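Q: Contents of work-v5.txt (compact mmCIF, C-alpha atoms):
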# COMPACT_ATOMS: atom_id res chain seq x y z
CA MET A 1 -111.63 -83.28 83.72
CA TYR A 2 -110.93 -85.25 80.58
CA LEU A 3 -111.45 -88.87 79.69
CA GLU A 4 -110.73 -91.30 76.91
CA ILE A 5 -113.59 -93.08 75.16
CA GLU A 6 -113.49 -95.86 72.60
CA SER A 7 -116.18 -96.39 69.98
CA SER A 8 -117.61 -99.77 69.01
CA GLU A 9 -115.37 -99.65 65.93
CA GLY A 10 -112.28 -99.35 68.14
CA ASN A 11 -111.61 -95.67 67.42
CA ARG A 12 -110.28 -93.66 70.36
CA TYR A 13 -111.33 -90.16 71.40
CA LEU A 14 -110.47 -87.69 74.13
CA PHE A 15 -113.35 -85.77 75.70
CA ASP A 16 -112.44 -82.48 77.36
CA GLY A 17 -114.86 -81.92 80.26
CA LEU A 18 -114.01 -78.21 80.40
CA THR A 19 -114.50 -77.20 76.77
CA ASN A 20 -116.77 -80.07 75.61
CA ASP A 21 -114.37 -80.70 72.72
CA ILE A 22 -113.90 -84.25 71.44
CA TYR A 23 -110.54 -85.04 69.84
CA SER A 24 -109.75 -88.04 67.68
CA LEU A 25 -106.68 -89.91 68.94
CA GLU A 26 -104.10 -91.62 66.76
CA PRO A 27 -103.79 -95.38 67.38
CA ASP A 28 -100.29 -95.06 68.84
CA PHE A 29 -101.09 -92.06 71.08
CA GLN A 30 -100.80 -92.95 74.75
CA ILE A 31 -102.25 -90.94 77.63
CA ILE A 32 -99.93 -91.28 80.61
CA ASP A 33 -101.56 -91.54 84.02
CA GLY A 34 -101.49 -88.19 85.77
CA SER A 35 -101.17 -86.16 82.58
CA ASN A 36 -102.32 -82.58 83.01
CA ARG A 37 -104.02 -80.34 80.47
CA GLU A 38 -100.73 -78.81 79.37
CA ASP A 39 -99.24 -82.24 78.75
CA LEU A 40 -102.13 -83.05 76.39
CA GLY A 41 -102.16 -79.67 74.69
CA LEU A 42 -105.61 -78.81 76.01
CA PRO A 43 -106.55 -75.11 76.39
CA ASP A 44 -106.01 -73.42 79.73
CA ILE A 45 -109.62 -72.75 80.79
CA LYS A 46 -110.82 -72.48 84.38
CA ARG A 47 -114.09 -73.81 85.72
CA SER A 48 -116.28 -71.62 87.89
CA VAL A 49 -118.47 -73.74 90.17
CA THR A 50 -119.75 -71.01 92.45
CA PRO A 51 -122.56 -68.80 91.10
CA ASP A 52 -121.72 -65.37 89.74
CA SER A 53 -123.41 -62.12 90.72
CA GLN A 54 -125.93 -62.36 87.85
CA THR A 55 -127.03 -65.80 89.04
CA LEU A 56 -127.63 -64.48 92.54
CA LEU A 57 -129.78 -61.65 91.18
CA LYS A 58 -132.22 -64.16 89.69
CA VAL A 59 -133.87 -64.59 93.08
CA ASN A 60 -135.12 -61.03 92.96
CA ASN A 61 -135.98 -60.53 89.28
CA SER A 62 -136.14 -63.89 87.51
CA ALA A 63 -138.20 -66.22 89.68
CA LYS A 64 -139.69 -68.89 87.44
CA THR A 65 -142.00 -71.23 89.35
CA LEU A 66 -144.28 -71.00 92.36
CA ILE A 67 -145.57 -74.29 93.75
CA ILE A 68 -148.56 -74.07 96.09
CA GLU A 69 -149.39 -77.10 98.20
CA LEU A 70 -153.14 -76.76 98.52
CA THR A 71 -153.68 -79.71 100.83
CA GLU A 72 -151.99 -82.72 102.38
CA GLN A 73 -155.10 -84.80 101.78
CA CYS A 74 -155.10 -87.51 99.13
CA ASN A 75 -157.71 -89.92 97.83
CA LEU A 76 -155.15 -92.67 97.22
CA ARG A 77 -152.79 -94.55 99.53
CA CYS A 78 -149.93 -95.60 97.26
CA THR A 79 -147.94 -98.36 98.91
CA TYR A 80 -144.60 -96.61 98.34
CA CYS A 81 -145.74 -93.10 99.29
CA VAL A 82 -143.34 -91.32 101.63
CA PHE A 83 -146.18 -89.30 103.14
CA ASP A 84 -147.41 -91.97 105.55
CA ASP A 85 -146.53 -93.32 109.00
CA SER A 86 -143.53 -95.26 107.66
CA TYR A 87 -141.66 -91.97 107.07
CA PRO A 88 -142.09 -89.89 110.24
CA GLN A 89 -139.70 -87.20 109.01
CA GLU A 90 -142.07 -86.42 106.12
CA ARG A 91 -145.44 -84.73 106.15
CA SER A 92 -148.51 -86.97 106.45
CA HIS A 93 -151.95 -87.28 104.84
CA SER A 94 -153.33 -84.72 107.25
CA SER A 95 -156.36 -82.44 106.88
CA THR A 96 -154.12 -79.37 106.59
CA LYS A 97 -155.19 -76.96 103.83
CA ILE A 98 -153.64 -73.75 102.54
CA ASN A 99 -154.91 -70.51 104.01
CA HIS A 100 -156.46 -68.53 101.17
CA CYS A 101 -155.06 -65.15 102.23
CA LEU A 102 -151.61 -66.65 102.73
CA ALA A 103 -151.69 -68.16 99.24
CA LYS A 104 -152.67 -64.80 97.72
CA ASN A 105 -149.86 -63.06 99.58
CA GLN A 106 -147.38 -65.59 98.21
CA ILE A 107 -148.67 -65.01 94.69
CA ASN A 108 -148.15 -61.27 95.29
CA ASN A 109 -144.56 -61.90 96.34
CA PHE A 110 -143.97 -64.17 93.36
CA PHE A 111 -145.39 -61.53 91.03
CA GLU A 112 -142.83 -59.01 92.31
CA ARG A 113 -139.95 -61.45 91.68
CA ALA A 114 -141.12 -63.27 88.56
CA ARG A 115 -139.67 -63.13 85.08
CA GLU A 116 -141.77 -62.92 81.94
CA ASP A 117 -142.62 -66.63 81.60
CA ALA A 118 -143.94 -67.42 85.06
CA TYR A 119 -145.49 -70.71 86.18
CA ILE A 120 -147.79 -71.57 89.05
CA ILE A 121 -148.13 -75.24 89.97
CA PHE A 122 -150.86 -76.52 92.28
CA TYR A 123 -149.65 -79.38 94.43
CA GLY A 124 -150.83 -81.82 97.08
CA GLY A 125 -151.74 -84.34 98.37
CA GLU A 126 -154.23 -84.39 95.59
CA PRO A 127 -154.72 -80.78 94.42
CA LEU A 128 -158.07 -81.47 92.70
CA LEU A 129 -159.59 -82.11 96.14
CA GLU A 130 -159.31 -78.33 96.54
CA PHE A 131 -160.63 -77.43 93.12
CA LYS A 132 -162.50 -74.36 94.38
CA GLU A 133 -159.19 -72.99 95.66
CA ILE A 134 -157.56 -73.66 92.28
CA VAL A 135 -160.31 -71.65 90.59
CA GLU A 136 -160.00 -68.70 92.95
CA LEU A 137 -156.19 -68.56 92.99
CA THR A 138 -155.99 -68.92 89.21
CA SER A 139 -158.35 -65.98 88.81
CA TYR A 140 -156.34 -63.93 91.29
CA ALA A 141 -153.00 -64.72 89.62
CA LYS A 142 -154.36 -63.79 86.20
CA SER A 143 -155.53 -60.44 87.56
CA LEU A 144 -151.89 -59.70 88.40
CA PHE A 145 -149.94 -61.40 85.63
CA LYS A 146 -152.47 -61.02 82.80
CA ASP A 147 -151.16 -63.37 80.10
CA ARG A 148 -147.67 -63.77 81.62
CA VAL A 149 -148.49 -66.82 83.73
CA LYS A 150 -149.18 -70.48 82.96
CA PHE A 151 -150.76 -73.04 85.27
CA SER A 152 -150.29 -76.73 85.89
CA PHE A 153 -150.80 -79.45 88.47
CA THR A 154 -149.91 -83.08 89.05
CA THR A 155 -152.81 -85.39 89.80
CA ASN A 156 -153.48 -89.08 90.34
CA GLY A 157 -156.39 -88.68 87.93
CA MET A 158 -159.11 -89.96 90.23
CA ALA A 159 -160.82 -86.56 90.54
CA LEU A 160 -160.23 -85.43 86.95
CA THR A 161 -163.97 -85.32 86.31
CA GLN A 162 -166.34 -83.64 83.85
CA ASP A 163 -167.34 -80.74 86.11
CA LYS A 164 -163.74 -79.43 86.13
CA LEU A 165 -162.83 -79.71 82.46
CA ASP A 166 -164.25 -76.47 81.08
CA PHE A 167 -162.27 -74.42 83.59
CA LEU A 168 -159.04 -76.35 82.99
CA ILE A 169 -159.38 -76.06 79.21
CA GLU A 170 -160.32 -72.38 79.32
CA ASN A 171 -157.25 -71.59 81.42
CA ASP A 172 -154.93 -73.76 79.33
CA PHE A 173 -153.76 -75.92 82.23
CA LEU A 174 -150.93 -78.41 81.77
CA ILE A 175 -151.98 -81.63 83.49
CA THR A 176 -149.58 -84.33 84.64
CA VAL A 177 -151.23 -87.64 85.53
CA SER A 178 -149.22 -90.17 87.52
CA LEU A 179 -149.48 -93.83 86.59
CA ASP A 180 -147.44 -96.83 87.63
CA GLY A 181 -146.29 -98.10 84.26
CA TYR A 182 -148.88 -100.71 83.44
CA GLN A 183 -152.22 -101.84 84.90
CA LYS A 184 -151.15 -104.83 86.98
CA ASN A 185 -148.34 -102.95 88.67
CA HIS A 186 -150.44 -99.80 89.05
CA ASP A 187 -153.35 -101.59 90.73
CA SER A 188 -151.03 -103.35 93.17
CA LYS A 189 -149.56 -100.03 94.34
CA ARG A 190 -151.95 -97.15 93.63
CA ILE A 191 -154.88 -98.11 95.78
CA THR A 192 -157.76 -96.12 97.22
CA ILE A 193 -158.23 -95.38 100.91
CA ASN A 194 -160.45 -98.48 101.03
CA GLY A 195 -157.82 -100.62 99.34
CA HIS A 196 -159.40 -100.79 95.87
CA PRO A 197 -157.47 -100.56 92.56
CA SER A 198 -157.56 -97.22 90.73
CA TRP A 199 -156.51 -97.90 87.11
CA GLY A 200 -160.01 -98.40 85.74
CA LYS A 201 -161.37 -95.17 87.22
CA ILE A 202 -158.40 -93.15 85.95
CA MET A 203 -158.69 -94.60 82.45
CA ASP A 204 -162.41 -93.77 82.40
CA ASN A 205 -161.60 -90.16 83.33
CA LEU A 206 -158.87 -89.92 80.69
CA GLN A 207 -161.18 -91.36 78.06
CA PHE A 208 -163.81 -88.76 78.89
CA LEU A 209 -161.25 -85.95 78.64
CA LYS A 210 -159.98 -87.28 75.31
CA ASP A 211 -163.52 -87.50 73.91
CA TYR A 212 -164.47 -84.10 75.33
CA ASP A 213 -161.54 -82.19 73.81
CA PRO A 214 -159.06 -84.34 71.85
CA ILE A 215 -156.80 -81.37 70.96
CA PHE A 216 -156.46 -80.32 74.61
CA TYR A 217 -155.88 -83.95 75.57
CA SER A 218 -153.05 -84.51 73.11
CA SER A 219 -151.32 -81.18 73.73
CA LYS A 220 -151.81 -80.55 77.46
CA LEU A 221 -151.64 -83.98 79.06
CA ILE A 222 -148.38 -85.47 80.35
CA VAL A 223 -148.10 -88.91 81.93
CA ASN A 224 -145.59 -89.45 84.72
CA SER A 225 -144.90 -93.18 84.64
CA VAL A 226 -143.44 -94.45 87.90
CA ILE A 227 -141.23 -97.46 87.19
CA ASN A 228 -140.89 -99.94 90.00
CA SER A 229 -137.88 -101.59 88.37
CA ILE A 230 -136.05 -101.69 85.04
CA ASP A 231 -137.29 -105.29 84.89
CA ASP A 232 -140.73 -103.83 84.10
CA LEU A 233 -139.53 -102.24 80.85
CA ASP A 234 -141.10 -104.82 78.52
CA GLU A 235 -144.47 -104.57 80.27
CA ILE A 236 -144.37 -100.76 80.12
CA ASN A 237 -143.59 -100.82 76.40
CA LYS A 238 -146.51 -103.19 75.84
CA GLU A 239 -148.87 -100.93 77.79
CA VAL A 240 -147.82 -97.78 75.98
CA ASN A 241 -148.11 -99.41 72.56
CA SER A 242 -151.48 -101.08 73.19
CA ASN A 243 -153.31 -98.42 75.21
CA THR A 244 -154.87 -95.87 72.85
CA LEU A 245 -155.15 -93.37 75.72
CA LEU A 246 -151.34 -93.22 75.86
CA GLU A 247 -150.82 -92.98 72.12
CA GLY A 248 -148.96 -89.79 71.19
CA ILE A 249 -148.86 -88.58 74.81
CA ASP A 250 -145.69 -87.14 76.35
CA ILE A 251 -144.59 -89.79 78.86
CA ARG A 252 -141.94 -89.11 81.46
CA PHE A 253 -140.43 -91.78 83.63
CA SER A 254 -139.27 -91.83 87.23
CA PHE A 255 -138.44 -94.32 89.93
CA PRO A 256 -140.11 -94.21 93.38
CA LEU A 257 -138.42 -91.43 95.34
CA GLN A 258 -136.97 -93.59 98.08
CA ASP A 259 -135.60 -96.13 95.56
CA SER A 260 -134.42 -93.74 92.85
CA ILE A 261 -130.68 -94.00 93.57
CA ILE A 262 -130.47 -97.78 93.58
CA GLU A 263 -132.91 -98.19 90.67
CA THR A 264 -131.01 -95.65 88.56
CA LYS A 265 -127.85 -97.65 89.21
CA LYS A 266 -129.65 -100.80 88.00
CA TYR A 267 -130.90 -98.88 84.97
CA ASN A 268 -127.33 -97.89 84.05
CA GLU A 269 -126.11 -101.45 84.52
CA PHE A 270 -128.94 -102.75 82.33
CA ASN A 271 -128.05 -100.31 79.54
CA THR A 272 -124.37 -101.16 79.75
CA ASN A 273 -125.07 -104.90 79.61
CA ASN A 274 -127.45 -104.42 76.68
CA TYR A 275 -125.50 -101.70 74.91
CA GLU A 276 -125.76 -103.12 71.39
CA GLU A 277 -129.55 -103.30 71.66
CA VAL A 278 -129.70 -99.75 73.00
CA LYS A 279 -127.45 -98.53 70.17
CA ASN A 280 -129.70 -100.16 67.58
CA ILE A 281 -132.74 -98.42 69.06
CA PHE A 282 -130.98 -95.10 68.41
CA LEU A 283 -129.76 -96.09 64.95
CA GLU A 284 -133.27 -97.10 63.94
CA SER A 285 -135.01 -94.29 65.88
CA ALA A 286 -137.20 -97.04 67.37
CA PHE A 287 -138.37 -94.97 70.33
CA SER A 288 -142.08 -95.60 69.90
CA GLU A 289 -141.45 -99.23 70.85
CA ASN A 290 -138.88 -98.31 73.53
CA VAL A 291 -140.45 -95.36 75.28
CA LEU A 292 -138.07 -95.10 78.24
CA TYR A 293 -135.11 -94.18 76.02
CA LYS A 294 -136.99 -91.36 74.32
CA ASP A 295 -137.52 -89.69 77.69
CA ARG A 296 -134.24 -90.50 79.36
CA LEU A 297 -131.23 -91.21 77.15
CA LEU A 298 -132.22 -89.42 73.96
CA PRO A 299 -132.31 -85.89 75.50
CA LEU A 300 -128.83 -86.39 76.97
CA VAL A 301 -127.38 -87.67 73.68
CA GLN A 302 -128.92 -84.68 71.90
CA ARG A 303 -127.49 -82.28 74.49
CA ILE A 304 -124.06 -83.73 73.75
CA ALA A 305 -124.67 -83.43 70.00
CA PHE A 306 -125.67 -79.76 70.24
CA ARG A 307 -123.31 -78.78 73.06
CA LYS A 308 -121.54 -75.46 73.32
CA LEU A 309 -117.77 -75.52 72.93
CA GLY A 310 -114.68 -73.78 74.22
CA GLU A 311 -115.11 -70.84 76.56
CA LYS A 312 -118.88 -71.01 75.99
CA ALA A 313 -119.12 -74.63 77.13
CA GLN A 314 -120.27 -73.75 80.63
CA GLU A 315 -122.99 -71.43 79.36
CA GLY A 316 -125.22 -74.45 78.78
CA LYS A 317 -124.81 -75.52 82.39
CA LYS A 318 -128.01 -75.62 84.42
CA LYS A 319 -127.77 -74.36 87.97
CA CYS A 320 -130.70 -74.31 90.34
CA VAL A 321 -131.07 -70.99 92.13
CA PRO A 322 -133.10 -71.60 95.31
CA PHE A 323 -136.32 -69.58 95.37
CA ALA A 324 -135.78 -68.52 91.75
CA ASN A 325 -136.15 -71.82 89.91
CA ARG A 326 -138.77 -72.96 92.40
CA THR A 327 -140.49 -71.59 95.48
CA TYR A 328 -142.57 -74.16 97.36
CA ILE A 329 -145.32 -73.02 99.72
CA ARG A 330 -146.42 -75.71 102.16
CA SER A 331 -150.08 -75.94 103.11
CA ASN A 332 -149.09 -74.96 106.66
CA GLY A 333 -147.47 -71.74 105.39
CA GLU A 334 -143.84 -72.80 105.57
CA MET A 335 -141.59 -72.07 102.59
CA GLN A 336 -139.03 -74.35 100.99
CA PHE A 337 -136.94 -73.94 97.85
CA CYS A 338 -138.12 -77.25 96.40
CA GLU A 339 -140.99 -79.70 96.86
CA ARG A 340 -138.59 -82.65 96.71
CA ILE A 341 -137.03 -82.17 100.13
CA SER A 342 -138.39 -82.79 103.60
CA SER A 343 -138.21 -80.80 106.82
CA PHE A 344 -136.30 -77.89 105.29
CA ASN A 345 -138.32 -74.97 106.60
CA ILE A 346 -135.71 -72.41 105.70
CA VAL A 347 -137.98 -69.36 105.39
CA GLN A 348 -140.96 -68.18 107.36
CA LYS A 349 -141.38 -64.74 105.77
CA SER A 350 -141.23 -63.69 102.13
CA ASP A 351 -138.76 -60.88 102.77
CA GLU A 352 -136.20 -63.48 103.93
CA ILE A 353 -136.10 -65.27 100.57
CA ILE A 354 -133.11 -63.46 99.04
CA GLU A 355 -130.93 -63.85 102.12
CA ALA A 356 -131.97 -67.51 102.43
CA SER A 357 -131.16 -68.23 98.79
CA HIS A 358 -127.67 -66.75 99.12
CA SER A 359 -127.08 -68.72 102.31
CA ILE A 360 -128.19 -72.01 100.75
CA GLN A 361 -125.98 -71.47 97.71
CA ASP A 362 -122.95 -70.57 99.81
CA GLU A 363 -123.34 -73.75 101.85
CA PHE A 364 -124.12 -75.95 98.87
CA TYR A 365 -121.32 -74.79 96.59
CA THR A 366 -118.81 -75.00 99.41
CA HIS A 367 -119.99 -78.58 99.89
CA LYS A 368 -119.75 -79.42 96.17
CA GLN A 369 -116.75 -77.32 95.11
CA ASP A 370 -114.15 -80.07 95.18
CA SER A 371 -116.08 -82.81 93.38
CA CYS A 372 -117.71 -80.49 90.82
CA SER A 373 -114.46 -78.78 89.89
CA LYS A 374 -112.99 -82.14 88.84
CA CYS A 375 -116.05 -83.72 87.23
CA PHE A 376 -116.00 -84.49 83.48
CA ALA A 377 -119.81 -84.49 83.30
CA TYR A 378 -120.29 -81.16 85.10
CA ASN A 379 -121.38 -79.15 82.05
CA PHE A 380 -124.28 -81.53 81.44
CA CYS A 381 -125.71 -82.23 84.88
CA GLU A 382 -128.51 -80.31 86.55
CA LEU A 383 -126.75 -79.21 89.71
CA CYS A 384 -129.61 -79.66 92.16
CA PRO A 385 -129.18 -78.62 95.80
CA ALA A 386 -132.33 -80.51 96.80
CA SER A 387 -130.74 -83.79 95.71
CA PHE A 388 -127.98 -83.45 98.29
CA TYR A 389 -130.01 -82.25 101.24
CA TYR A 390 -130.43 -84.92 103.88
CA GLU A 391 -131.70 -84.71 107.46
CA GLY A 392 -131.05 -81.02 107.91
CA SER A 393 -127.86 -80.39 105.95
CA PHE A 394 -126.02 -81.00 102.70
CA HIS A 395 -124.64 -84.49 102.92
CA ASN A 396 -122.28 -86.80 101.03
CA LYS A 397 -124.79 -89.62 101.49
CA HIS A 398 -126.20 -88.69 98.10
CA GLU A 399 -122.90 -88.68 96.18
CA ASP A 400 -124.30 -91.79 94.50
CA ILE A 401 -126.51 -89.38 92.54
CA CYS A 402 -123.37 -87.93 90.94
CA ASN A 403 -121.92 -91.38 90.28
CA ASN A 404 -125.15 -92.46 88.61
CA PHE A 405 -125.17 -89.41 86.37
CA ARG A 406 -121.54 -89.90 85.38
CA GLU A 407 -122.35 -93.46 84.31
CA GLU A 408 -125.36 -92.29 82.31
CA PHE A 409 -123.28 -89.54 80.71
CA LEU A 410 -120.52 -91.99 79.76
CA LEU A 411 -123.06 -94.24 78.08
CA SER A 412 -124.56 -91.27 76.23
CA LEU A 413 -121.13 -90.08 75.14
CA LYS A 414 -120.30 -93.52 73.74
CA LEU A 415 -123.66 -93.57 71.95
CA TYR A 416 -122.89 -90.15 70.49
CA THR A 417 -119.50 -91.27 69.12
CA ASP A 418 -120.95 -94.48 67.67
CA LEU A 419 -123.84 -92.63 66.03
CA SER A 420 -121.47 -89.96 64.71
CA GLU A 421 -119.35 -92.60 63.04
CA LYS A 422 -122.53 -93.79 61.29
CA ASN A 423 -123.17 -90.20 60.10
CA VAL A 424 -126.44 -89.99 62.00
CA THR A 425 -128.23 -86.62 61.73
CA PHE A 426 -129.00 -85.91 65.38
CA ALA A 427 -131.69 -83.33 64.62
CA LYS A 428 -133.71 -86.13 63.04
CA VAL A 429 -133.19 -88.74 65.76
So, in terms of structure tokens, how does the structure I just supplied come out?
A:
Amino acid sequence: MYLEIESSEGNRYLFDGLTNDIYSLEPDFQIIDGSNREDLGLPDIKRSVTPDSQTLLKVNNSAKTLIIELTEQCNLRCTYCVFDDSYPQERSHSSTKINHCLAKNQINNFFERAREDAYIIFYGGEPLLEFKEIVELTSYAKSLFKDRVKFSFTTNGMALTQDKLDFLIENDFLITVSLDGYQKNHDSKRITINGHPSWGKIMDNLQFLKDYDPIFYSSKLIVNSVINSIDDLDEINKEVNSNTLLEGIDIRFSFPLQDSIIETKKYNEFNTNNYEEVKNIFLESAFSENVLYKDRLLPLVQRIAFRKLGEKAQEGKKKCVPFANRTYIRSNGEMQFCERISSFNIVQKSDEIIEASHSIQDEFYTHKQDSCSKCFAYNFCELCPASFYYEGSFHNKHEDICNNFREEFLLSLKLYTDLSEKNVTFAKV
């Protein structure tokens, strides 16, 4: 749970994965293979991988997010979408819609379990195809939560039209619009049911929203940019820096779901091979011209810079508590602990949530105990049960997710040491 790192200037450091401490090593100091913590003079601190009793209680009194799948219908047919006939284990673009009474009952249950800052996300398919349902369920949730709830949805932007804007603005919705990086790539992949490109229509809708309420647009719009490959980085940077509709907007990046593991590996390899260029981007704070690094690497470097130390090191660790962090209601009434998994219909009734959450955590942490207890990057990863669920059980097939994160963490740690040696003020990066 420790590792040696070397800066670009040739200085050597020891990172303690338990306490988050970084020690400067003398040039003649040698770390012998197999050295234990006592041999290196590191403090005797134990790591607790399994959740404590307070974490388990979050299911019942600190639920954060309710995701309601309003419909499986969608007005686009993205070529990489997993919700088509090519992925029979997934749901399809069916006509299934949420039952209104069922949705209200789930909001009731969420209200009983929610913490102060509660969130309700409307999901699809394309949620704006059921805009009337959004209006009614928003009104109902507000009657329960008063001002303790916030609303959001993810949309492809095709139905983000004038008739909906007053309601969305009045209720302070956070809107995430999905794009595929840049126009040429987007129009080759995000096509309508009739096979037509969609970029132009989406841009028209965004322009109208920006003109209608520029403050709402700049503060409440997020763009999810789906990157087909790291090879598209130059084109994405050009699009972001030439498209006035993307100027100043929070842009988050992701790879297509089914390709995310292999594309993340390529991303890490690209950064390693181009390390000096990446380092200069950080030294010059040139993130406006290199938008991917602002969303991806910068937050991890800053987390390292402002990490907790010693016995408090693990307090900054994020752990997903199923049905507390997220509760996902399918349009057919089934309940899952995350929208990012398929065919995991763990709960049929709301009163089974607590027992189901405990059961999932027991299985998951038993599965991950060995690898997590030895991992140097553990304090910084988002331990996500959904990432390791595969075809009905927790599975080592997705251990590549851990390997990818370790590589990204190592790169970020090296960046941190190099920037520290240049006396960079991380709060200003």
Q: Between atom CA of A:Ala63 and atom CA of A:Glu355, what distance in Å does the model show, to one decimal?
A: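 If I compute the distance from atom CA of A:Ala63 to atom CA of A:Glu355, I get 14.6 Å.
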Q: Quick one: distance from atom CA of A:Gln361 to atom CA of A:Glu263 in Å, one decimal?
A: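 If I compute the distance from atom CA of A:Gln361 to atom CA of A:Glu263, I get 28.5 Å.
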Q: Counting all atoms listed in the file, what is within 8 Å of stretch 279-293 of chain A, bar same-chain residues fewer than 2 positions away, as a list in words?
A: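 Residues meeting the cut-off are Leu233, Asn237, Val240, Asn241, Ile251, Arg252, Phe253, Tyr275, Glu276, Glu277, Asp295, Arg296, Leu297, Leu298, Leu415, Leu419, Val424 and Val429 of chain A.
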Q: Measuring between all atoms listed in the file, which one of A:Phe394, A:Tyr365, A:Phe151, A:Phe216 shows the shortest distance to A:Pro51?
A: A:Tyr365
Q: From (-152.3, -84.0, 94.8), in the file's coordinates, out to 12 Å: which residues are reached, counting only C-alpha atoms? Answer as a ChimeraX atom specification.
A: /A:67-77,83,93,97,121-131,134,152-160,175-178,331
Q: Smallest atom-to-atom distance to A:Gln314: which of A:Lys189, A:Arg148, A:Lys46, A:Arg406, using all atoms listed in the file?
A: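 That would be A:Lys46, the residue with the smallest distance to A:Gln314.
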Q: Got a sec: who's within 10 Å of stretch 138-145 of chain A, counting all atoms listed in the file, leaving out chain neighbours fewer than 2 positions off, as a list in words?
A: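 Residues near the query, excluding close chain neighbours: Lys104, Ile107, Asn108, Phe110, Phe111, Glu112, Ala114, Glu116, Asp117, Ala118, Ile120, Phe122, Lys132, Glu133, Ile134, Val135, Glu136, Asp147, Arg148, Val149, Lys150, Phe151 and Asn171 of chain A.
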Q: Between A:Asn404, A:Asn194, A:Thr79, A:Ser371, which residue has the minimum interatomic distance to A:Pro256, considering all atoms listed in the file?
A: A:Thr79
Q: For A:Tyr13, list every protein, DNA or RNA residue within 6 Å, evaluated using all atoms listed in the file, and leave out those in the same chain fewer than 4 positions away; present the list as a PyMOL selection string.
A: chain A and resi 4-5+23-25
Q: Quote the spacing between atom CA of A:Cys101 and atom CA of A:Tyr119 in Å to one decimal place.
A: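 Separating atom CA of A:Cys101 from atom CA of A:Tyr119 is a distance of 19.5 Å.
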Q: Of the candidates A:Gln30, A:Asn205, A:Gln183, A:Ser62, which shows the shortest atom-to-atom distance to A:Asn243, using all atoms listed in the file?
A: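 Residue with the minimum atom-to-atom distance to A:Asn243: A:Gln183.
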Q: Counting all atoms listed in the file, what is within 8 Å of A:Lys317, bar same-chain residues fewer than 3 positions away, as a ChimeraX atom specification?
A: /A:313-314,378-382
Q: Neighbours of A:Leu14 within 12 Å (all atoms listed in the file; same-chain residues fewer than 5 positions away dropped), as a ChimeraX atom specification?
A: /A:1-7,19-26,29-31,37,40-42,376,413-414,417
Q: For A:Cys372, which of A:Gln106, A:Ile222, A:Asn403, A:Phe167 is the closest residue, counting all atoms listed in the file?
A: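 Of A:Gln106, A:Ile222, A:Asn403, A:Phe167, the one nearest A:Cys372 is A:Asn403, counting all atoms listed in the file.
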Q: When you count only C-alpha atoms, which of these residues is closest to A:Asp362: A:Glu235, A:Asn224, A:Phe409, A:Pro322?
A: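 Smallest separation from A:Asp362 among the options: A:Pro322.
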Q: First collect every listed atom of stretch 176-193 of chain A; then fit an axis-aligned box around them, widen it by 5 Å on each side, and give centre and edge lengths in Å to one decimal, as lines of an AutoDock Vina configuration file.
A:
center_x = -152.3
center_y = -94.6
center_z = 92.2
size_x = 21.9
size_y = 30.5
size_z = 27.5
Q: For a cut-off of 7 Å around (-118.6, -74.1, 89.7), file coordinates, pick out all residues using all atoms listed in the file and list them as a list in words.
A: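 Residues close enough to count: Arg47, Ser48, Val49, Thr50, Pro51, Gln369, Cys372 and Ser373 of chain A.
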Q: Could those selected residues go to a file with C-alpha atoms, as a tab-separated table (two decimals), keeping the file's coordinate frame?
A:
chain	number	residue	atom	x	y	z
A	47	ARG	CA	-114.09	-73.81	85.72
A	48	SER	CA	-116.28	-71.62	87.89
A	49	VAL	CA	-118.47	-73.74	90.17
A	50	THR	CA	-119.75	-71.01	92.45
A	51	PRO	CA	-122.56	-68.80	91.10
A	369	GLN	CA	-116.75	-77.32	95.11
A	372	CYS	CA	-117.71	-80.49	90.82
A	373	SER	CA	-114.46	-78.78	89.89
